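Participant: Just one file: work_16.tsv, with TSV, C-alpha atoms and all ligand atoms.
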```tsv
chain	number	residue	atom	x	y	z
V	1	MET	CA	16.13	39.31	56.50
V	2	THR	CA	16.05	35.60	55.68
V	3	PRO	CA	12.57	34.37	56.65
V	4	ALA	CA	12.43	32.14	59.71
V	5	GLY	CA	11.32	28.58	59.01
V	6	PRO	CA	12.91	25.18	58.85
V	7	PRO	CA	16.47	25.39	57.52
V	8	ALA	CA	17.24	24.03	54.06
V	9	ARG	CA	18.64	20.52	53.98
V	10	PRO	CA	22.42	20.05	53.88
V	11	TRP	CA	23.82	18.27	50.84
V	12	ALA	CA	27.51	17.94	51.77
V	13	LEU	CA	29.38	16.45	54.69
V	14	LEU	CA	33.05	17.07	55.41
V	15	ALA	CA	34.11	14.01	57.38
V	16	GLU	CA	37.41	14.73	59.12
V	17	LEU	CA	38.28	11.14	59.91
V	18	THR	CA	41.52	11.88	61.75
V	19	HIS	CA	43.84	14.79	62.41
V	20	ALA	CA	46.87	12.50	62.15
V	21	CYS	CA	48.89	13.24	59.02
V	22	PRO	CA	52.29	12.29	57.60
V	23	LEU	CA	52.66	15.82	56.17
V	24	HIS	CA	53.15	19.02	58.14
V	25	CYS	CA	51.86	21.77	55.82
V	26	PRO	CA	52.08	25.22	57.41
V	27	TYR	CA	48.87	26.40	55.68
V	28	CYS	CA	46.66	23.69	57.19
V	29	SER	CA	43.29	24.99	58.37
V	30	ASN	CA	43.00	22.34	61.09
V	31	PRO	CA	42.91	23.77	64.62
V	32	LEU	CA	46.18	24.26	66.49
V	33	GLU	CA	44.95	21.78	69.05
V	34	LEU	CA	44.68	18.62	66.98
V	35	ALA	CA	42.26	15.88	68.04
V	36	ARG	CA	43.91	12.87	69.67
V	37	ARG	CA	43.69	9.50	67.95
V	38	SER	CA	42.34	7.87	71.09
V	39	GLY	CA	39.25	10.11	70.92
V	40	GLU	CA	38.41	9.45	67.25
V	41	LEU	CA	34.97	8.17	66.29
V	42	ARG	CA	34.93	4.40	65.82
V	43	THR	CA	33.87	2.68	62.60
V	44	GLU	CA	30.32	2.07	63.85
V	45	GLU	CA	30.01	5.70	64.87
V	46	TRP	CA	31.04	6.92	61.42
V	47	THR	CA	28.64	4.40	59.88
V	48	ASP	CA	25.85	5.87	61.95
V	49	VAL	CA	26.88	9.46	61.11
V	50	LEU	CA	26.76	8.64	57.39
V	51	ARG	CA	23.36	6.99	57.73
V	52	GLN	CA	21.97	9.97	59.61
V	53	ALA	CA	23.56	12.40	57.16
V	54	ALA	CA	21.95	10.64	54.20
V	55	ALA	CA	18.58	10.76	55.94
V	56	LEU	CA	19.07	14.52	56.38
V	57	GLY	CA	19.68	15.00	52.66
V	58	VAL	CA	23.47	14.70	52.34
V	59	VAL	CA	24.49	13.25	48.97
V	60	HIS	CA	28.23	13.96	48.93
V	61	THR	CA	31.01	13.48	51.44
V	62	HIS	CA	34.64	14.52	51.43
V	63	LEU	CA	36.58	11.95	53.45
V	64	SER	CA	39.31	14.14	54.76
V	65	GLY	CA	41.57	14.83	57.72
V	66	GLY	CA	44.54	15.00	58.39
V	67	GLU	CA	45.21	11.97	56.23
V	68	PRO	CA	42.22	9.64	55.99
V	69	LEU	CA	44.40	6.77	54.70
V	70	LEU	CA	45.77	6.52	58.25
V	71	ARG	CA	42.39	5.09	59.29
V	72	PRO	CA	42.75	1.31	58.88
V	73	ASP	CA	38.94	1.12	58.62
V	74	LEU	CA	38.69	3.60	55.73
V	75	GLU	CA	37.34	0.92	53.40
V	76	ARG	CA	34.54	0.17	55.87
V	77	ILE	CA	33.70	3.86	56.17
V	78	VAL	CA	33.57	4.16	52.37
V	79	ALA	CA	31.33	1.09	52.22
V	80	ALA	CA	29.05	2.65	54.85
V	81	ALA	CA	28.73	5.81	52.76
V	82	GLU	CA	28.03	3.76	49.65
V	83	ALA	CA	25.36	1.75	51.48
V	84	ALA	CA	23.76	5.02	52.63
V	85	GLY	CA	23.76	6.35	49.06
V	86	VAL	CA	26.38	9.05	49.67
V	87	TYR	CA	28.98	9.85	46.96
V	88	THR	CA	32.52	9.61	48.37
V	89	GLN	CA	35.55	11.69	47.49
V	90	LEU	CA	38.83	10.84	49.20
V	91	VAL	CA	40.88	13.94	50.01
V	92	THR	CA	44.42	12.70	50.46
V	93	SER	CA	48.10	13.64	50.42
V	94	GLY	CA	48.71	10.40	48.49
V	95	THR	CA	51.22	9.19	51.07
V	96	GLY	CA	50.40	5.59	51.90
V	97	LEU	CA	48.25	4.88	48.85
V	98	ASP	CA	49.23	1.68	47.09
V	99	GLU	CA	47.52	-0.53	44.55
V	100	THR	CA	46.11	-2.95	47.11
V	101	ARG	CA	44.58	-0.16	49.18
V	102	LEU	CA	43.14	1.63	46.17
V	103	THR	CA	41.63	-1.60	44.83
V	104	ALA	CA	39.98	-2.22	48.19
V	105	LEU	CA	38.69	1.35	48.40
V	106	ARG	CA	37.30	1.15	44.91
V	107	ALA	CA	35.61	-2.16	45.66
V	108	ALA	CA	34.06	-0.54	48.75
V	109	GLY	CA	32.52	2.15	46.55
V	110	LEU	CA	35.00	5.04	46.43
V	111	ARG	CA	33.95	7.40	43.60
V	112	SER	CA	36.74	9.96	43.23
V	113	VAL	CA	40.03	11.22	44.62
V	114	GLN	CA	41.35	14.69	45.34
V	115	LEU	CA	45.12	14.81	45.74
V	116	SER	CA	46.89	17.68	47.47
V	117	VAL	CA	50.04	19.07	45.84
V	118	GLN	CA	52.29	21.68	47.41
V	119	HIS	CA	54.48	22.68	44.45
V	120	SER	CA	55.33	21.64	40.90
V	121	ASP	CA	58.97	21.21	41.92
V	122	ALA	CA	59.63	18.09	43.98
V	123	GLY	CA	62.17	19.70	46.32
V	124	ALA	CA	60.03	22.75	46.99
V	125	GLY	CA	56.96	20.55	47.47
V	126	ASP	CA	58.74	18.38	50.03
V	127	ARG	CA	59.95	21.47	51.87
V	128	ILE	CA	56.45	22.96	52.12
V	129	ALA	CA	54.98	19.60	53.15
V	130	GLY	CA	57.76	19.13	55.70
V	131	ARG	CA	58.39	15.58	54.48
V	132	PRO	CA	61.06	14.26	52.12
V	133	GLY	CA	59.59	12.05	49.41
V	134	ALA	CA	56.11	13.57	49.66
V	135	PHE	CA	56.07	14.71	46.02
V	136	ALA	CA	57.18	11.31	44.70
V	137	ALA	CA	54.38	9.65	46.69
V	138	LYS	CA	51.85	11.99	45.07
V	139	GLU	CA	53.15	11.23	41.60
V	140	ARG	CA	52.74	7.50	42.27
V	141	ALA	CA	49.29	8.02	43.77
V	142	ALA	CA	48.12	10.03	40.75
V	143	ALA	CA	49.25	7.26	38.38
V	144	LEU	CA	47.43	4.63	40.47
V	145	VAL	CA	44.19	6.61	40.55
V	146	ARG	CA	44.27	7.18	36.79
V	147	ALA	CA	45.03	3.51	36.16
V	148	ALA	CA	42.04	2.62	38.34
V	149	GLY	CA	39.84	4.84	36.17
V	150	LEU	CA	38.68	7.05	39.03
V	151	PRO	CA	38.12	10.79	38.55
V	152	LEU	CA	41.14	12.69	39.89
V	153	GLY	CA	41.47	16.29	41.02
V	154	LEU	CA	44.50	18.21	42.24
V	155	ASN	CA	44.08	20.50	45.18
V	156	VAL	CA	46.72	23.20	45.54
V	157	VAL	CA	46.75	25.68	48.39
V	158	LEU	CA	48.37	28.81	46.98
V	159	HIS	CA	50.64	31.17	48.91
V	160	ARG	CA	53.80	33.21	48.60
V	161	ASP	CA	56.03	30.17	48.02
V	162	ASN	CA	54.14	28.60	45.13
V	163	LEU	CA	52.01	31.31	43.46
V	164	ASP	CA	54.76	32.12	40.96
V	165	SER	CA	54.60	28.50	39.80
V	166	VAL	CA	50.85	28.35	39.26
V	167	GLY	CA	51.31	27.71	35.52
V	168	GLU	CA	53.66	24.80	36.18
V	169	LEU	CA	51.24	23.45	38.78
V	170	ILE	CA	48.44	23.40	36.20
V	171	ASP	CA	50.81	21.79	33.69
V	172	LEU	CA	51.62	19.15	36.29
V	173	GLY	CA	47.94	18.39	36.64
V	174	GLU	CA	47.65	18.07	32.87
V	175	ALA	CA	50.65	15.71	32.76
V	176	TRP	CA	49.16	13.61	35.55
V	177	GLY	CA	45.85	13.34	33.68
V	178	VAL	CA	43.61	15.13	36.16
V	179	ASP	CA	40.04	16.26	35.49
V	180	ARG	CA	40.15	19.28	37.76
V	181	VAL	CA	42.65	21.57	39.45
V	182	GLU	CA	41.48	23.52	42.46
V	183	LEU	CA	43.70	26.53	43.07
V	184	ALA	CA	42.76	27.61	46.55
V	185	ASN	CA	44.39	30.79	47.78
V	186	THR	CA	45.23	30.22	51.43
V	187	GLN	CA	42.38	30.89	53.83
V	188	PHE	CA	43.93	32.00	57.08
V	189	TYR	CA	42.57	29.71	59.78
V	190	GLY	CA	44.30	27.39	62.24
V	191	TRP	CA	47.91	26.72	61.21
V	192	GLY	CA	47.46	28.95	58.16
V	193	LEU	CA	46.67	31.91	60.40
V	194	LEU	CA	49.65	31.11	62.59
V	195	ASN	CA	51.89	31.10	59.49
V	196	ARG	CA	50.26	34.10	57.81
V	197	ALA	CA	53.40	36.25	57.79
V	198	ALA	CA	55.27	33.52	55.89
V	199	LEU	CA	52.41	32.68	53.51
V	200	LEU	CA	50.78	35.98	52.56
V	201	PRO	CA	51.58	36.74	48.90
V	202	THR	CA	52.07	40.14	47.32
V	203	ARG	CA	49.48	41.84	45.13
V	204	ASP	CA	51.86	41.53	42.17
V	205	GLN	CA	52.17	37.80	42.62
V	206	LEU	CA	48.41	37.44	42.70
V	207	ALA	CA	47.90	39.58	39.60
V	208	ARG	CA	50.44	37.53	37.63
V	209	ALA	CA	48.95	34.26	38.85
V	210	ARG	CA	45.42	35.32	37.86
V	211	GLU	CA	46.62	36.12	34.37
V	212	THR	CA	48.37	32.79	34.04
V	213	VAL	CA	45.27	30.94	35.21
V	214	GLU	CA	43.10	32.78	32.68
V	215	ARG	CA	45.47	31.87	29.84
V	216	ARG	CA	45.56	28.20	30.89
V	217	ARG	CA	41.76	28.23	31.28
V	218	GLU	CA	41.35	29.15	27.63
V	219	ARG	CA	43.76	26.45	26.51
V	220	LEU	CA	42.30	23.72	28.72
V	221	ALA	CA	38.61	24.55	28.23
V	222	GLY	CA	36.51	21.42	28.03
V	223	ARG	CA	39.38	19.23	29.24
V	224	ILE	CA	40.39	20.35	32.73
V	225	ASP	CA	38.22	22.31	35.08
V	226	LEU	CA	40.27	25.09	36.72
V	227	VAL	CA	38.83	26.44	39.95
V	228	TRP	CA	40.28	29.62	41.47
V	229	VAL	CA	39.33	30.16	45.12
V	230	VAL	CA	39.57	33.91	45.63
V	231	PRO	CA	42.11	35.49	47.97
V	232	ASP	CA	39.61	37.38	50.09
V	233	TYR	CA	42.26	39.35	52.01
V	234	PHE	CA	42.94	41.17	48.74
V	235	ASP	CA	39.68	41.48	46.85
V	236	GLY	CA	37.63	43.66	49.20
V	237	VAL	CA	34.69	41.27	48.90
V	238	ALA	CA	33.40	39.04	51.68
V	239	LYS	CA	32.64	35.44	50.79
V	240	PRO	CA	29.42	33.62	51.68
V	241	CYS	CA	31.53	31.27	53.77
V	242	MET	CA	30.61	27.58	53.26
V	243	GLY	CA	27.60	28.81	51.27
V	244	GLY	CA	26.27	30.32	54.48
V	245	TRP	CA	26.39	29.23	58.13
V	246	GLY	CA	24.40	26.00	58.50
V	247	ALA	CA	23.04	26.40	54.96
V	248	VAL	CA	24.42	23.62	52.78
V	249	SER	CA	27.06	21.60	54.59
V	250	LEU	CA	28.31	20.32	57.90
V	251	THR	CA	31.66	19.20	59.23
V	252	VAL	CA	32.17	16.32	61.62
V	253	THR	CA	35.54	16.43	63.38
V	254	PRO	CA	37.57	13.32	64.29
V	255	ASP	CA	36.12	13.25	67.81
V	256	GLY	CA	32.52	13.76	66.72
V	257	ALA	CA	31.99	17.50	67.15
V	258	VAL	CA	29.67	18.86	64.48
V	259	LEU	CA	30.45	22.29	63.05
V	260	PRO	CA	28.95	24.58	60.41
V	261	CYS	CA	32.49	25.04	59.03
V	262	PRO	CA	35.85	23.41	59.74
V	263	ALA	CA	37.24	26.47	61.57
V	264	ALA	CA	34.25	27.11	63.85
V	265	ALA	CA	35.80	25.23	66.77
V	266	SER	CA	37.91	28.35	67.33
V	267	LEU	CA	34.85	30.54	68.01
V	268	PRO	CA	34.16	31.50	71.63
V	269	ASP	CA	31.12	30.07	73.42
V	270	LEU	CA	29.94	28.07	70.42
V	271	ASP	CA	29.79	24.84	72.42
V	272	PRO	CA	29.72	22.56	69.36
V	273	PRO	CA	27.29	19.67	69.66
V	274	ASN	CA	28.65	16.14	69.32
V	275	VAL	CA	27.23	13.16	67.45
V	276	ARG	CA	27.96	11.10	70.54
V	277	ASP	CA	25.33	13.10	72.42
V	278	HIS	CA	22.79	14.24	69.83
V	279	ALA	CA	21.07	13.14	66.64
V	280	LEU	CA	22.41	14.86	63.53
V	281	ALA	CA	18.91	16.07	62.63
V	282	TRP	CA	18.59	17.89	65.96
V	283	ILE	CA	22.08	19.33	65.54
V	284	TRP	CA	21.24	20.66	62.08
V	285	ASP	CA	17.74	21.94	62.80
V	286	ASP	CA	17.74	22.96	66.44
V	287	SER	CA	21.18	23.19	68.03
V	288	PRO	CA	22.16	26.67	69.22
V	289	ALA	CA	25.52	26.32	67.42
V	290	PHE	CA	23.93	25.82	63.98
V	291	ASN	CA	21.39	28.57	64.55
V	292	ARG	CA	23.82	31.13	66.00
V	293	TYR	CA	24.70	32.80	62.65
V	294	ARG	CA	22.27	31.15	60.27
V	295	GLY	CA	20.87	33.27	57.44
V	296	THR	CA	20.57	36.95	58.34
V	297	ASP	CA	18.24	36.63	61.30
V	298	TRP	CA	20.92	37.28	63.93
V	299	PRO	CA	22.23	40.55	65.31
V	300	MET	CA	24.61	41.54	62.53
V	301	THR	CA	26.70	44.48	63.57
V	302	GLY	CA	28.23	47.20	61.41
V	303	PRO	CA	27.26	47.93	57.80
V	304	CYS	CA	25.83	44.44	57.18
V	305	GLY	CA	22.70	45.41	59.13
V	306	THR	CA	21.37	47.46	56.24
V	307	CYS	CA	23.46	46.23	53.33
V	308	PRO	CA	21.62	44.80	50.30
V	309	ARG	CA	24.32	42.14	49.83
V	310	ARG	CA	23.62	40.51	53.17
V	311	GLU	CA	21.23	37.99	51.62
V	312	GLU	CA	24.07	36.85	49.34
V	313	ASP	CA	27.13	36.78	51.60
V	314	PHE	CA	25.53	36.73	55.08
V	315	GLY	CA	28.12	39.25	56.27
V	316	GLY	CA	31.06	37.05	55.28
V	317	CYS	CA	33.00	34.65	57.42
V	318	ARG	CA	32.34	34.50	61.18
V	319	CYS	CA	35.63	32.75	61.90
V	320	GLN	CA	37.58	35.40	60.02
V	321	ALA	CA	35.70	38.21	61.79
V	322	TYR	CA	36.62	36.62	65.10
V	323	ALA	CA	40.23	35.88	64.14
V	324	LEU	CA	40.84	39.44	63.02
V	325	THR	CA	38.72	41.48	65.42
V	326	GLY	CA	37.99	39.23	68.39
V	327	ASP	CA	34.23	39.62	67.74
V	328	PRO	CA	32.47	37.00	65.57
V	329	THR	CA	29.42	39.24	65.04
V	330	ARG	CA	31.35	41.99	63.25
V	331	THR	CA	31.35	42.45	59.49
V	332	ASP	CA	34.05	40.27	57.96
V	333	PRO	CA	37.07	42.57	57.56
V	334	ALA	CA	37.52	41.14	54.06
V	335	CYS	CA	34.63	43.39	53.00
V	336	ALA	CA	35.73	46.83	51.82
V	337	LEU	CA	32.74	48.32	53.70
V	338	SER	CA	33.87	46.91	57.03
V	339	PRO	CA	35.31	49.46	59.47
V	340	ASP	CA	37.98	46.81	60.14
V	341	HIS	CA	38.99	46.49	56.48
V	342	PRO	CA	42.05	48.75	57.03
V	343	LEU	CA	43.51	45.87	59.07
V	344	LEU	CA	43.77	43.89	55.86
V	345	ARG	CA	44.80	46.87	53.77
V	346	THR	CA	47.80	47.25	56.07
V	347	LEU	CA	48.72	43.59	55.66
V	348	THR	CA	48.32	43.59	51.89
V	349	ASP	CA	49.67	47.05	51.15
V	350	PRO	CA	52.18	46.80	48.29
V	351	GLU	CA	54.46	49.14	50.22
V	352	SER	CA	54.66	46.89	53.27
V	353	ALA	CA	57.76	44.74	52.90
V	354	PRO	CA	56.82	41.10	53.45
V	355	SER	CA	58.61	39.45	56.33
V	356	SER	CA	59.59	35.82	55.87
V	357	PRO	CA	59.64	34.05	59.20
V	358	PRO	CA	60.28	30.30	59.06
V	359	TYR	CA	57.23	28.03	58.90
V	360	VAL	CA	55.75	26.62	62.06
V	361	TYR	CA	55.05	23.14	60.69
V	362	ARG	CA	51.78	21.53	61.65
V	363	ARG	CA	52.39	18.74	64.12
V	364	PRO	CA	50.78	17.72	67.40
V	365	GLY	CA	52.42	19.47	70.30
V	366	ALA	CA	54.42	21.89	68.08
V	367	SER	CA	55.63	24.79	70.12
V	368	VAL	CA	53.25	27.51	69.01
V	369	PRO	CA	54.53	31.06	69.49
X	401	LIG	FE1	28.42	41.72	52.79
X	401	LIG	FE2	28.22	43.01	55.12
X	401	LIG	FE3	30.01	43.79	53.30
X	401	LIG	FE4	27.41	44.18	52.87
X	401	LIG	S1	28.64	45.13	54.48
X	401	LIG	S2	28.90	43.41	51.37
X	401	LIG	S3	26.53	42.30	53.82
X	401	LIG	S4	29.98	41.81	54.39
X	402	LIG	FE1	33.90	29.49	59.79
X	402	LIG	FE2	33.96	31.03	57.60
X	402	LIG	S1	35.42	29.50	58.25
X	402	LIG	S2	32.35	30.84	59.03
```
What is this file in structure tokens?
Facilitator:
Amino acid sequence: MTPAGPPARPWALLAELTHACPLHCPYCSNPLELARRSGELRTEEWTDVLRQAAALGVVHTHLSGGEPLLRPDLERIVAAAEAAGVYTQLVTSGTGLDETRLTALRAAGLRSVQLSVQHSDAGAGDRIAGRPGAFAAKERAAALVRAAGLPLGLNVVLHRDNLDSVGELIDLGEAWGVDRVELANTQFYGWGLLNRAALLPTRDQLARARETVERRRERLAGRIDLVWVVPDYFDGVAKPCMGGWGAVSLTVTPDGAVLPCPAAASLPDLDPPNVRDHALAWIWDDSPAFNRYRGTDWPMTGPCGTCPRREEDFGGCRCQAYALTGDPTRTDPACALSPDHPLLRTLTDPESAPSSPPYVYRRPGASVP
């Protein structure tokens, strides 16, 4: 059991500045109920959040969304992070980035950019993003970021419709001059969970993609960092989600709710605290939400209770346990020891013919089946 005592300090903050987005990706992990623009934190509130986060120990923030470029005050938020001593990475679709904006962001202190890409083929990419011209905008954005001399990473969410092109996606990153390619197999939360039947790959696809990545890794060693985020539905191993609940990072949503992970808003009875009502230090140290599943000192059910791996993975992902079983205290079904693991075996069984329903594109007010 993790010893009781003051929690470790967080070092990372995911700042979801807005849920508004020009793209409509079906794998998005944002909640189905997207935050309204009228309820978003104002510039001064984000400034205060960043100051408080730095005082808590945060040294790195992902400025994310939705599309953070849709915030007209993004430069002021970047400047606030810089003044607080927090390293900023802009996580963007690239749509809406031009030279003037990038120059202003850089002058404000922006340190690096992570660009999302849906496919190596422009037509397929635009189809997945649900927006014509999305790929071309990314290509332009990548060139601008490189010309500005900022570190650039590609972020690719992998699924059935792009896994077979993983080699071309890495090649695209190489051609665009990136420093890092993050190949993140879809995590099924929010819109991604809703679209799971359309997105879930086959075991064969994953095996081929892994091989391709390994070959590219050898060739690109020392030049491009390739990160493979494991497909936990398939591997039989639970992940220490977010490095552990309330262990290393926090998420602030557009309307100020503070969560141990971006998907936690879906959990029942969590009652997320809000920066409009509480100091971030109290939220991190003392709020019931951050202490609910922290470490291993909570009533873990199932095999986790006596499992030696519990100090490493904390029983896996609470949001996934809830999404798949309706009970957030159960062992994450991704773990082969979980009594619920057969749920995933059924979904990922090579014999089960994949169905291909159309995407439900992420957009406010979409009619959700
Ligand atoms: Fe981790 Fe629980 Fe599985 Fe053990 S039983 S490996 S602690 S998820
Ligand atoms: Fe919430 Fe894993 S996504 S605990």
Participant: Which residues of chain V come within 6 Å of ligand LIG 401 (chain X), and what is each one's closest atom pair and distance in Å (one decimal), counting only C-alpha atoms and all ligand atoms, sorted by chain and residue number, as a Markdown table?
Facilitator:
```
| residue | atom | partner | partner_atom | distance |
| --- | --- | --- | --- | --- |
| V:Ala238 | CA | X:LIG401 | S4 | 5.2 |
| V:Pro303 | CA | X:LIG401 | S1 | 4.6 |
| V:Cys304 | CA | X:LIG401 | FE2 | 3.5 |
| V:Cys307 | CA | X:LIG401 | FE4 | 4.5 |
| V:Arg309 | CA | X:LIG401 | S3 | 4.6 |
| V:Arg310 | CA | X:LIG401 | S3 | 3.5 |
| V:Asp313 | CA | X:LIG401 | FE1 | 5.2 |
| V:Phe314 | CA | X:LIG401 | S3 | 5.8 |
| V:Gly315 | CA | X:LIG401 | S4 | 3.7 |
| V:Gly316 | CA | X:LIG401 | S4 | 5.0 |
| V:Thr331 | CA | X:LIG401 | S4 | 5.3 |
| V:Asp332 | CA | X:LIG401 | S4 | 5.6 |
| V:Cys335 | CA | X:LIG401 | FE3 | 4.6 |
| V:Leu337 | CA | X:LIG401 | S1 | 5.3 |
```
Participant: Write out as a tab-separated table a residue-level contact list of chain V versus ligand LIG 402 (chain X) with cut-off 6 Å: for each qualifying residue the closest pair of atoms and the distance in Å to one decimal, counting all atoms listed in the file, rows sorted by chain and residue number upward.
Facilitator:
```
residue	atom	partner	partner_atom	distance
V:Cys241	CA	X:LIG402	FE2	4.5
V:Cys261	CA	X:LIG402	FE1	4.7
V:Ala263	CA	X:LIG402	FE1	4.8
V:Ala264	CA	X:LIG402	FE1	4.7
V:Cys317	CA	X:LIG402	FE2	3.7
V:Arg318	CA	X:LIG402	S2	4.2
V:Cys319	CA	X:LIG402	FE1	4.3
```
Participant: Do a neighbour search on Ile170 of chain V at 9 Å with all atoms listed in the file, toss out local chain neighbours closer than 5 positions, and write the hits as a list in words.
Facilitator: Ser120, Leu154, Ser165, Ala175, Val181, Leu183, Val213, Arg216 and Leu226 of chain V
Participant: Can you work out the spacing between atom CA of Gly365 of chain V and atom CA of Gly190 of chain V in Å, to one decimal?
Facilitator: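 Calculated distance between atom CA of Gly365 of chain V and atom CA of Gly190 of chain V is 13.9 Å.
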Participant: Atom CA of Gln114 of chain V and atom CA of Asp179 of chain V, how far apart in Å?
Facilitator: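 Answer for the atom CA of Asp179 of chain V to atom CA of Gln114 of chain V separation: 10.1 Å.
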Participant: Near Gly125 of chain V, within 10 Å and counting only C-alpha atoms, which residues show up once chain neighbours fewer than 4 positions away are dropped, as number ranges by chain?
Facilitator: V: 25, 117-121, 129-136, 161-162
Participant: Those same residues - C-alpha atoms - I'd like them written as an mmCIF file, in the coordinates of the input.
Facilitator:
```
data_model
loop_
_atom_site.group_PDB
_atom_site.id
_atom_site.type_symbol
_atom_site.label_atom_id
_atom_site.label_comp_id
_atom_site.auth_asym_id
_atom_site.auth_seq_id
_atom_site.Cartn_x
_atom_site.Cartn_y
_atom_site.Cartn_z
ATOM 1 C CA CYS V 25 51.860 21.770 55.820
ATOM 2 C CA VAL V 117 50.040 19.070 45.840
ATOM 3 C CA GLN V 118 52.290 21.680 47.410
ATOM 4 C CA HIS V 119 54.480 22.680 44.450
ATOM 5 C CA SER V 120 55.330 21.640 40.900
ATOM 6 C CA ASP V 121 58.970 21.210 41.920
ATOM 7 C CA ALA V 129 54.980 19.600 53.150
ATOM 8 C CA GLY V 130 57.760 19.130 55.700
ATOM 9 C CA ARG V 131 58.390 15.580 54.480
ATOM 10 C CA PRO V 132 61.060 14.260 52.120
ATOM 11 C CA GLY V 133 59.590 12.050 49.410
ATOM 12 C CA ALA V 134 56.110 13.570 49.660
ATOM 13 C CA PHE V 135 56.070 14.710 46.020
ATOM 14 C CA ALA V 136 57.180 11.310 44.700
ATOM 15 C CA ASP V 161 56.030 30.170 48.020
ATOM 16 C CA ASN V 162 54.140 28.600 45.130
#
```
Participant: Can you tell me, as a ChimeraX atom specification, what residues are no more than 9 Å from Asp98 of chain V when counting only C-alpha atoms, ignoring any on the same chain fewer than 6 positions away?
Facilitator: /V:140-141,144
Participant: Looking at V:Arg42, V:Arg160, V:Val248, V:Phe188, which one is nearest to Val58 of chain V, with distances taken over all atoms listed in the file?
Facilitator: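 Checking each of V:Arg42, V:Arg160, V:Val248, V:Phe188 against Val58 of chain V, counting all atoms listed in the file, the winner is V:Val248.
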Participant: Thr301 of chain V: which residues within 7 Å, counting only C-alpha atoms, same-chain residues fewer than 4 positions away excluded, as a short mmCIF file (atom, residue, chain, number, x, y, z; two decimals) with C-alpha atoms, in the coordinates of the input?
Facilitator:
```
data_model
loop_
_atom_site.label_atom_id
_atom_site.label_comp_id
_atom_site.auth_asym_id
_atom_site.auth_seq_id
_atom_site.Cartn_x
_atom_site.Cartn_y
_atom_site.Cartn_z
CA GLY V 305 22.70 45.41 59.13
CA THR V 329 29.42 39.24 65.04
CA ARG V 330 31.35 41.99 63.25
CA THR V 331 31.35 42.45 59.49
#
```
Participant: What gap, in Å, lies between atom CA of Asp277 of chain V and atom CA of Thr43 of chain V?
Facilitator: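 We find that atom CA of Asp277 of chain V and atom CA of Thr43 of chain V lie 16.7 Å from each other.
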Participant: Give the answer as one residue: which of V:Lys138, V:Arg51, V:His19, V:Arg146 has the shortest atom-to-atom distance to Arg36 of chain V, using all atoms listed in the file?
Facilitator: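 The closest residue to Arg36 of chain V is V:His19.
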Participant: When you look at Arg37 of chain V with a cut-off of 10 Å (counting only C-alpha atoms), what residues show up, excluding the ones that are within fewer than 5 positions of it in the same chain? I need them as a compact mmCIF listing (two decimals) with C-alpha atoms, in the frame of the given file.
Facilitator:
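As written to disk, result22.txt reads:
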```
# COMPACT_ATOMS: atom_id res chain seq x y z
CA LEU V 17 38.28 11.14 59.91
CA THR V 18 41.52 11.88 61.75
CA HIS V 19 43.84 14.79 62.41
CA ALA V 20 46.87 12.50 62.15
CA ARG V 71 42.39 5.09 59.29
CA PRO V 254 37.57 13.32 64.29
CA ASP V 255 36.12 13.25 67.81
```
Participant: Measuring between only C-alpha atoms, which one of V:Gly153, V:Pro364, V:Pro358, V:Pro272 shows the shortest distance to Pro260 of chain V?
Facilitator: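 The shortest atom-to-atom distance to Pro260 of chain V comes from V:Pro272.
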Participant: Of the residues V:Leu194, V:Ile77, V:Leu50, V:Ile224, which is the one nearest to Gly109 of chain V, using only C-alpha atoms?
Facilitator: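 Under the stated criterion, the closest residue is V:Ile77.
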Participant: Give the padded box for segment 281-286 of chain V as lines of an AutoDock Vina configuration file: axis-aligned, covering all atoms listed in the file, 4 Å on each side, centre and edge lengths in Å to one decimal.
Facilitator:
```
center_x = 19.9
center_y = 19.5
center_z = 64.3
size_x = 12.3
size_y = 14.9
size_z = 12.4
```
Participant: Identify which of the residues V:Pro262, V:Pro151, V:Gly243, V:Gly96 lies closest to Gly65 of chain V, counting only C-alpha atoms when measuring atom-to-atom distances.
Facilitator: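 Closest candidate: V:Pro262.
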Participant: Any chance you could export segment 294-311 of chain V with C-alpha atoms, as a PDB file, in the first residue's frame?
Facilitator:
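Result saved to selection_2.pdb:
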```pdb
ATOM      1  CA  ARG V 294      -4.729   8.241  -5.325  1.00  0.00           C
ATOM      2  CA  GLY V 295      -1.941   5.690  -4.870  1.00  0.00           C
ATOM      3  CA  THR V 296      -3.180   2.323  -3.635  1.00  0.00           C
ATOM      4  CA  ASP V 297      -4.761   3.446  -0.382  1.00  0.00           C
ATOM      5  CA  TRP V 298      -8.347   3.143  -1.615  1.00  0.00           C
ATOM      6  CA  PRO V 299     -10.652   0.140  -1.698  1.00  0.00           C
ATOM      7  CA  MET V 300      -9.356  -1.605  -4.810  1.00  0.00           C
ATOM      8  CA  THR V 301     -11.633  -4.430  -5.787  1.00  0.00           C
ATOM      9  CA  GLY V 302     -10.795  -7.655  -7.598  1.00  0.00           C
ATOM     10  CA  PRO V 303      -7.282  -9.036  -8.072  1.00  0.00           C
ATOM     11  CA  CYS V 304      -5.571  -5.649  -7.603  1.00  0.00           C
ATOM     12  CA  GLY V 305      -6.112  -5.927  -3.843  1.00  0.00           C
ATOM     13  CA  THR V 306      -3.287  -8.428  -3.488  1.00  0.00           C
ATOM     14  CA  CYS V 307      -1.403  -8.005  -6.759  1.00  0.00           C
ATOM     15  CA  PRO V 308       2.300  -7.094  -6.567  1.00  0.00           C
ATOM     16  CA  ARG V 309       1.966  -4.827  -9.614  1.00  0.00           C
ATOM     17  CA  ARG V 310      -0.447  -2.483  -7.890  1.00  0.00           C
ATOM     18  CA  GLU V 311       2.351  -0.151  -6.789  1.00  0.00           C
TER      19      GLU V 311
END
```
